[in-house]
$ cat model.txt   # compact mmCIF, C-alpha atoms and all ligand atoms
# COMPACT_ATOMS: atom_id res chain seq x y z
CA MET A 1 146.58 66.13 -91.35
CA ARG A 2 148.24 67.18 -88.15
CA LEU A 3 147.52 70.47 -86.42
CA TRP A 4 150.02 72.08 -84.07
CA PHE A 5 148.02 74.14 -81.64
CA ALA A 6 147.57 75.50 -78.14
CA PRO A 7 144.30 76.11 -76.30
CA GLN A 8 142.68 79.56 -76.43
CA THR A 9 144.95 80.68 -79.26
CA CYS A 10 143.98 81.59 -82.81
CA ALA A 11 144.62 77.92 -83.67
CA ARG A 12 141.03 77.48 -82.46
CA VAL A 13 139.92 78.79 -85.85
CA THR A 14 141.81 76.09 -87.74
CA LEU A 15 140.63 73.51 -85.25
CA THR A 16 137.04 74.56 -85.96
CA ALA A 17 137.69 74.35 -89.71
CA LEU A 18 139.03 70.80 -89.34
CA GLU A 19 135.94 69.85 -87.35
CA GLU A 20 133.71 71.32 -90.06
CA ILE A 21 135.55 69.25 -92.68
CA GLY A 22 135.06 66.08 -90.68
CA GLN A 23 138.14 64.21 -91.95
CA PRO A 24 140.38 62.53 -89.36
CA PHE A 25 143.21 64.70 -88.08
CA GLU A 26 145.79 64.61 -85.31
CA THR A 27 146.71 67.38 -82.93
CA ARG A 28 150.05 68.27 -81.40
CA LEU A 29 149.95 70.48 -78.35
CA ILE A 30 152.51 73.23 -77.93
CA ALA A 31 153.19 74.23 -74.32
CA PHE A 32 154.21 77.89 -74.60
CA MET A 33 155.06 78.03 -70.90
CA ALA A 34 157.66 75.32 -71.48
CA GLY A 35 159.02 77.23 -74.47
CA GLU A 36 158.10 74.41 -76.85
CA HIS A 37 157.39 76.96 -79.59
CA ARG A 38 161.07 77.88 -79.56
CA GLN A 39 162.39 74.34 -79.63
CA PRO A 40 163.87 72.72 -82.74
CA GLU A 41 161.08 70.16 -83.15
CA PHE A 42 158.44 72.85 -83.65
CA LEU A 43 160.73 75.33 -85.40
CA SER A 44 161.36 72.66 -88.04
CA VAL A 45 157.61 72.70 -88.68
CA ASN A 46 157.08 76.46 -88.42
CA PRO A 47 160.28 78.51 -88.21
CA SER A 48 158.19 81.48 -86.98
CA GLY A 49 157.40 79.51 -83.82
CA LYS A 50 153.69 80.31 -84.02
CA VAL A 51 150.55 78.23 -83.97
CA PRO A 52 148.60 77.21 -85.94
CA ALA A 53 150.73 75.11 -88.27
CA LEU A 54 149.06 72.41 -90.32
CA GLU A 55 150.91 69.43 -91.76
CA THR A 56 149.14 68.28 -94.91
CA ASN A 57 149.81 66.01 -97.90
CA ASP A 58 150.97 69.20 -99.61
CA GLY A 59 153.48 70.04 -96.89
CA VAL A 60 153.21 72.40 -93.94
CA ILE A 61 150.85 75.37 -94.23
CA VAL A 62 151.13 78.22 -91.74
CA GLN A 63 149.23 81.46 -91.12
CA ASN A 64 145.57 81.06 -90.24
CA GLY A 65 144.37 82.96 -93.30
CA ALA A 66 146.44 80.80 -95.64
CA ILE A 67 145.42 77.58 -93.88
CA LEU A 68 141.72 78.48 -94.03
CA SER A 69 141.96 79.43 -97.68
CA TYR A 70 143.82 76.17 -98.43
CA LEU A 71 141.27 74.04 -96.56
CA ALA A 72 138.38 75.85 -98.27
CA ASP A 73 139.93 75.01 -101.67
CA ILE A 74 140.77 71.39 -100.87
CA TYR A 75 137.44 70.63 -99.18
CA PRO A 76 134.91 72.77 -101.05
CA GLU A 77 132.04 70.61 -99.81
CA ALA A 78 132.73 71.76 -96.23
CA GLY A 79 131.59 75.28 -97.15
CA LEU A 80 134.26 77.02 -95.11
CA LEU A 81 134.27 80.00 -97.44
CA PRO A 82 132.19 80.96 -100.48
CA ARG A 83 133.99 80.49 -103.80
CA PRO A 84 133.06 83.45 -105.99
CA GLY A 85 133.87 83.09 -109.68
CA ASP A 86 135.20 86.64 -109.98
CA ALA A 87 138.49 88.08 -108.79
CA ALA A 88 136.82 90.94 -106.89
CA GLY A 89 134.58 88.53 -104.97
CA ARG A 90 137.59 86.41 -103.99
CA ALA A 91 139.54 89.53 -103.01
CA ARG A 92 136.72 90.63 -100.68
CA ILE A 93 136.85 87.33 -98.86
CA LEU A 94 140.62 87.60 -98.55
CA ALA A 95 140.14 91.13 -97.24
CA ASP A 96 138.01 89.78 -94.40
CA LEU A 97 140.57 87.09 -93.63
CA PHE A 98 143.31 89.72 -93.54
CA ARG A 99 141.05 91.97 -91.45
CA CYS A 100 141.04 89.23 -88.82
CA SER A 101 144.68 88.19 -89.09
CA SER A 102 146.40 91.52 -89.83
CA ASP A 103 144.16 94.27 -88.44
CA LEU A 104 142.48 92.65 -85.46
CA HIS A 105 144.82 89.91 -84.26
CA PRO A 106 147.78 92.23 -83.52
CA LEU A 107 145.44 94.43 -81.50
CA VAL A 108 144.18 91.35 -79.65
CA THR A 109 147.79 90.50 -78.75
CA ARG A 110 148.42 94.01 -77.43
CA PHE A 111 145.18 94.05 -75.46
CA VAL A 112 145.42 90.55 -74.00
CA MET A 113 149.18 90.05 -73.68
CA SER A 114 150.67 93.51 -73.26
CA ALA A 115 153.74 91.82 -71.70
CA MET A 116 154.62 90.60 -75.22
CA ILE A 117 155.03 94.25 -76.24
CA SER A 118 156.81 95.57 -73.15
CA SER A 119 158.19 93.65 -70.21
CA ASP A 120 157.75 96.76 -68.04
CA ALA A 121 154.45 96.16 -66.23
CA GLU A 122 153.98 99.92 -65.89
CA ASP A 123 153.51 100.15 -69.67
CA ALA A 124 150.63 97.68 -69.65
CA PRO A 125 147.73 100.14 -69.08
CA ARG A 126 148.94 102.42 -71.90
CA ILE A 127 149.42 99.52 -74.32
CA ARG A 128 145.98 98.15 -73.49
CA ALA A 129 144.30 101.54 -73.77
CA LYS A 130 145.83 102.15 -77.20
CA ALA A 131 144.86 98.65 -78.32
CA ALA A 132 141.30 99.17 -77.05
CA GLU A 133 141.11 102.34 -79.16
CA GLY A 134 142.23 100.42 -82.23
CA LEU A 135 139.83 97.58 -81.50
CA ALA A 136 136.91 99.99 -81.15
CA LEU A 137 137.76 101.48 -84.54
CA GLN A 138 138.08 98.10 -86.25
CA LEU A 139 135.05 96.52 -84.60
CA ALA A 140 132.62 99.37 -85.31
CA PRO A 141 132.09 98.45 -88.99
CA LEU A 142 131.70 94.79 -88.05
CA GLU A 143 129.10 95.72 -85.44
CA ARG A 144 127.20 97.64 -88.14
CA ARG A 145 127.55 94.75 -90.56
CA LEU A 146 126.27 92.20 -88.05
CA ASP A 147 123.40 94.45 -87.09
CA GLY A 148 121.91 93.76 -90.51
CA GLN A 149 122.88 90.13 -91.10
CA PRO A 150 123.48 87.06 -88.93
CA TRP A 151 126.95 86.12 -90.18
CA MET A 152 130.06 87.91 -91.42
CA LEU A 153 129.29 87.19 -95.06
CA GLY A 154 125.51 87.39 -94.94
CA GLU A 155 122.95 84.68 -94.36
CA GLU A 156 125.41 81.75 -94.32
CA TRP A 157 127.99 80.86 -91.69
CA SER A 158 131.61 80.78 -92.86
CA ILE A 159 134.90 80.11 -91.11
CA LEU A 160 135.28 83.90 -90.82
CA ASP A 161 132.61 83.69 -88.13
CA ALA A 162 134.80 81.33 -86.13
CA TYR A 163 137.70 83.77 -86.57
CA LEU A 164 135.68 86.73 -85.32
CA ALA A 165 134.30 84.62 -82.45
CA TRP A 166 137.83 83.77 -81.33
CA ILE A 167 138.80 87.47 -81.41
CA TRP A 168 135.71 88.35 -79.37
CA PHE A 169 136.37 85.53 -76.90
CA ARG A 170 139.94 86.71 -76.39
CA ILE A 171 139.26 90.39 -75.79
CA THR A 172 136.07 90.12 -73.77
CA GLY A 173 137.77 87.45 -71.65
CA VAL A 174 140.13 90.11 -70.31
CA GLY A 175 137.69 92.94 -69.91
CA PHE A 176 136.95 94.50 -73.31
CA GLY A 177 133.52 96.04 -72.71
CA HIS A 178 130.92 94.24 -74.74
CA GLY A 179 128.00 96.49 -73.84
CA ASP A 180 128.51 98.70 -76.90
CA TYR A 181 128.47 95.75 -79.29
CA PRO A 182 125.16 93.90 -79.04
CA ALA A 183 125.39 92.51 -82.57
CA LEU A 184 128.90 91.16 -81.97
CA GLN A 185 127.79 89.69 -78.68
CA ARG A 186 124.82 87.97 -80.34
CA HIS A 187 127.07 86.78 -83.17
CA TYR A 188 129.50 85.29 -80.65
CA ALA A 189 126.73 83.42 -78.84
CA MET A 190 125.49 81.96 -82.13
CA ALA A 191 128.97 81.04 -83.35
CA CYS A 192 129.67 79.19 -80.09
CA GLU A 193 126.64 76.96 -80.59
CA ARG A 194 127.91 75.48 -83.83
CA PRO A 195 128.85 71.78 -83.39
CA SER A 196 132.31 72.38 -84.88
CA ALA A 197 132.94 75.13 -82.30
CA LEU A 198 131.86 72.83 -79.47
CA ALA A 199 134.10 70.04 -80.81
CA ALA A 200 137.06 72.43 -81.04
CA LEU A 201 136.48 73.44 -77.42
CA LYS A 202 136.56 69.77 -76.41
CA HIS A 203 140.05 69.46 -77.94
CA GLU A 204 141.06 72.59 -76.05
CA GLU A 205 139.67 71.31 -72.75
CA GLN A 206 141.74 68.14 -73.09
CA ALA A 207 144.80 70.21 -73.92
CA GLN A 208 144.15 72.52 -70.95
CA ASP A 209 143.86 69.53 -68.63
CA GLU A 210 147.16 68.23 -69.94
CA LEU A 211 148.83 71.62 -69.47
CA LYS A 212 147.37 71.96 -65.97
CA ALA A 213 148.66 68.52 -65.04
CA ARG A 214 152.12 69.64 -66.17
CA GLY A 215 151.77 72.98 -64.32
CA LEU A 216 151.99 74.81 -67.65
CA PHE A 217 148.56 76.31 -68.15
CA PHE A 218 148.58 80.07 -68.57
CA GLN A 219 145.49 82.24 -68.29
CA PRO A 220 145.98 85.87 -69.29
CA PRO A 221 145.35 88.12 -66.27
CA VAL A 222 142.22 90.27 -66.17
CA PRO A 223 143.38 93.77 -65.22
CA GLY A 224 141.95 95.00 -61.94
CA LYS A 225 140.88 91.51 -60.90
CA THR A 226 142.72 89.96 -58.00
CA GLU A 227 142.85 86.20 -57.51
N1 LIG B 301 149.75 85.73 -88.30
C1 LIG B 301 149.72 84.47 -87.60
C2 LIG B 301 149.72 84.75 -86.12
C3 LIG B 301 149.85 83.49 -85.32
C4 LIG B 301 150.08 83.82 -83.86
O1 LIG B 301 150.48 84.93 -83.49
N2 LIG B 301 149.84 82.82 -83.02
C5 LIG B 301 150.08 83.01 -81.61
C6 LIG B 301 148.99 82.34 -80.81
S1 LIG B 301 147.43 83.18 -81.01
C7 LIG B 301 151.41 82.40 -81.27
O2 LIG B 301 151.70 81.29 -81.67
N3 LIG B 301 152.22 83.15 -80.53
C8 LIG B 301 153.50 82.70 -80.09
C9 LIG B 301 154.57 83.69 -80.38
O3 LIG B 301 154.31 84.66 -81.11
O4 LIG B 301 155.66 83.51 -79.88
C10 LIG B 301 148.47 83.68 -88.01
O5 LIG B 301 147.48 84.31 -88.36
O6 LIG B 301 148.53 82.44 -88.00

$ encode --input "model.txt" --output "structure tokens"
Amino acid sequence: MRLWFAPQTCARVTLTALEEIGQPFETRLIAFMAGEHRQPEFLSVNPSGKVPALETNDGVIVQNGAILSYLADIYPEAGLLPRPGDAAGRARILADLFRCSSDLHPLVTRFVMSAMISSDAEDAPRIRAKAAEGLALQLAPLERRLDGQPWMLGEEWSILDAYLAWIWFRITGVGFGHGDYPALQRHYAMACERPSALAALKHEEQAQDELKARGLFFQPPVPGKTE
């Protein structure tokens, strides 16, 4: 398999899944700052120009939720996701995947990269404030859930925990207040300790070094913080 990715992006979740599986895989780094996600080579892999994209024996799979569901099916022994026998159980797992990819991720983008929504810098505080409101609404039930159980789905880790950890990493990294979310904070600390998470970070560190060497590493600005 070959994963197209970039450091700090949601491709971290797929990277973590591949590390959990433990089969050999290759990575291909996309340098957003060089516009590589808009170049024909990558667009021929994922015409949407987004990471992650996973090349597999079954062809290219895109969209984190779809990739994770595919990997969970193909490598059941990796335990990425539970495999309930009933349709409702499967739907609930999909609901959590969509919660991450469709409810939370777009808010993450608005909060972290408001320039992707409006190129007028004056709009940034309003975009961020609205996104923070949405995040607070969406994270409250997860905070309650994690107050009573260690992982998203109960007593066992699943790849959903890596997804939530990435979301938490992204928003707290640019100033989302974590004081009101002790359970999410604890969950994040636990998720980061998992060997697959550490291995994924190693891939990212290498990629960051490569981007830095090419002068193409981008760190989202933390509002109110001057260099
Ligand atoms: N719905 C997609 C979202 C993927 C996505 O937005 N990836 C970001 C990185 S976190 C990206 O590649 N952005 C580049 C762009 O939108 O131009 C998924 O879940 O895979």

$ closest_residue --input "model.txt" --among "A:Arg90, A:Arg194, A:Arg170, A:Lys130" --to "ligand LIG 301 (chain B)" --atoms "only C-alpha atoms and all ligand atoms"
A:Arg170

$ residues_near_ligand --input "model.txt" --ligand "ligand LIG 301 (chain B)" --cutoff "7 Å" --atoms "all atoms listed in the file" --output "PDB file with C-alpha atoms, in the frame of the given file"
ATOM      1  CA  THR A   9     144.950  80.680 -79.260  1.00  0.00           C
ATOM      2  CA  CYS A  10     143.980  81.590 -82.810  1.00  0.00           C
ATOM      3  CA  ALA A  11     144.620  77.920 -83.670  1.00  0.00           C
ATOM      4  CA  HIS A  37     157.390  76.960 -79.590  1.00  0.00           C
ATOM      5  CA  GLY A  49     157.400  79.510 -83.820  1.00  0.00           C
ATOM      6  CA  LYS A  50     153.690  80.310 -84.020  1.00  0.00           C
ATOM      7  CA  VAL A  51     150.550  78.230 -83.970  1.00  0.00           C
ATOM      8  CA  PRO A  52     148.600  77.210 -85.940  1.00  0.00           C
ATOM      9  CA  VAL A  62     151.130  78.220 -91.740  1.00  0.00           C
ATOM     10  CA  GLN A  63     149.230  81.460 -91.120  1.00  0.00           C
ATOM     11  CA  ASN A  64     145.570  81.060 -90.240  1.00  0.00           C
ATOM     12  CA  GLY A  65     144.370  82.960 -93.300  1.00  0.00           C
ATOM     13  CA  SER A 101     144.680  88.190 -89.090  1.00  0.00           C
ATOM     14  CA  SER A 102     146.400  91.520 -89.830  1.00  0.00           C
TER      15      SER A 102
END

$ residues_around --input "model.txt" --residues "region 139-141 of chain A" --least-positions-apart "4" --cutoff "9 Å" --atoms "only C-alpha atoms" --output "VMD selection string"
chain A and resid 104 134 to 135 145 to 146 181 184

$ atom_distance --input "model.txt" --atom1 "CA of Asp147 (chain A)" --atom2 "CA of Ala183 (chain A)"
5.3 Å

$ residues_near_point --input "model.txt" --point "(154.2, 72.5, -89.9)" --cutoff "8 Å" --atoms "all atoms listed in the file" --output "mmCIF file with C-alpha atoms, keeping the file's coordinate frame"
data_model
loop_
_atom_site.group_PDB
_atom_site.id
_atom_site.type_symbol
_atom_site.label_atom_id
_atom_site.label_comp_id
_atom_site.auth_asym_id
_atom_site.auth_seq_id
_atom_site.Cartn_x
_atom_site.Cartn_y
_atom_site.Cartn_z
ATOM 1 C CA LEU A 3 147.520 70.470 -86.420
ATOM 2 C CA TRP A 4 150.020 72.080 -84.070
ATOM 3 C CA PHE A 42 158.440 72.850 -83.650
ATOM 4 C CA SER A 44 161.360 72.660 -88.040
ATOM 5 C CA VAL A 45 157.610 72.700 -88.680
ATOM 6 C CA ASN A 46 157.080 76.460 -88.420
ATOM 7 C CA ALA A 53 150.730 75.110 -88.270
ATOM 8 C CA LEU A 54 149.060 72.410 -90.320
ATOM 9 C CA GLU A 55 150.910 69.430 -91.760
ATOM 10 C CA GLY A 59 153.480 70.040 -96.890
ATOM 11 C CA VAL A 60 153.210 72.400 -93.940
ATOM 12 C CA ILE A 61 150.850 75.370 -94.230
ATOM 13 C CA VAL A 62 151.130 78.220 -91.740
#

$ atom_distance --input "model.txt" --atom1 "CA of Arg126 (chain A)" --atom2 "CA of Gln219 (chain A)"
20.8 Å

$ closest_residue --input "model.txt" --among "A:Ala31, A:Met1, A:Ala95, A:Leu18" --to "Ala162 (chain A)" --atoms "only C-alpha atoms"
A:Leu18

$ residues_around --input "model.txt" --residues "Leu97 (chain A)" --least-positions-apart "3" --cutoff "10 Å" --atoms "only C-alpha atoms" --output "list in words"
Asn64, Gly65, Ala66, Leu68, Ser69, Ala91, Arg92, Ile93, Leu94, Cys100, Ser101, Ser102, Asp103, Ile159, Leu160, Tyr163 and Leu164 of chain A

$ atom_distance --input "model.txt" --atom1 "CA of Gln23 (chain A)" --atom2 "CA of Leu198 (chain A)"
16.4 Å

$ residues_around --input "model.txt" --residues "Val222 (chain A)" --least-positions-apart "3" --cutoff "7 Å" --atoms "all atoms listed in the file" --output "ChimeraX atom specification"
/A:174-175,225

$ closest_residue --input "model.txt" --among "A:Ala131, A:Ala6, A:Gly173, A:Asn57" --to "Phe25 (chain A)" --atoms "only C-alpha atoms"
A:Asn57

$ residues_around --input "model.txt" --residues "Glu156 (chain A)" --least-positions-apart "2" --cutoff "12 Å" --atoms "all atoms listed in the file" --output "NGL selection string"
:A and (79-82 or 149-154 or 158-161 or 191)

$ residues_near_point --input "model.txt" --point "(147.1, 97.5, -69.3)" --cutoff "9 Å" --atoms "all atoms listed in the file" --output "list in words"
Arg110, Phe111, Val112, Met113, Ser114, Ala121, Glu122, Asp123, Ala124, Pro125, Arg126, Ile127, Arg128, Ala129 and Pro223 of chain A

$ residues_around --input "model.txt" --residues "Gln185 (chain A)" --least-positions-apart "2" --cutoff "10 Å" --atoms "only C-alpha atoms" --output "list in words"
Glu143, Leu146, Ala165, Trp168, Phe169, Thr172, His178, Gly179, Asp180, Tyr181, Pro182, Ala183, His187, Tyr188, Ala189, Met190 and Ala191 of chain A
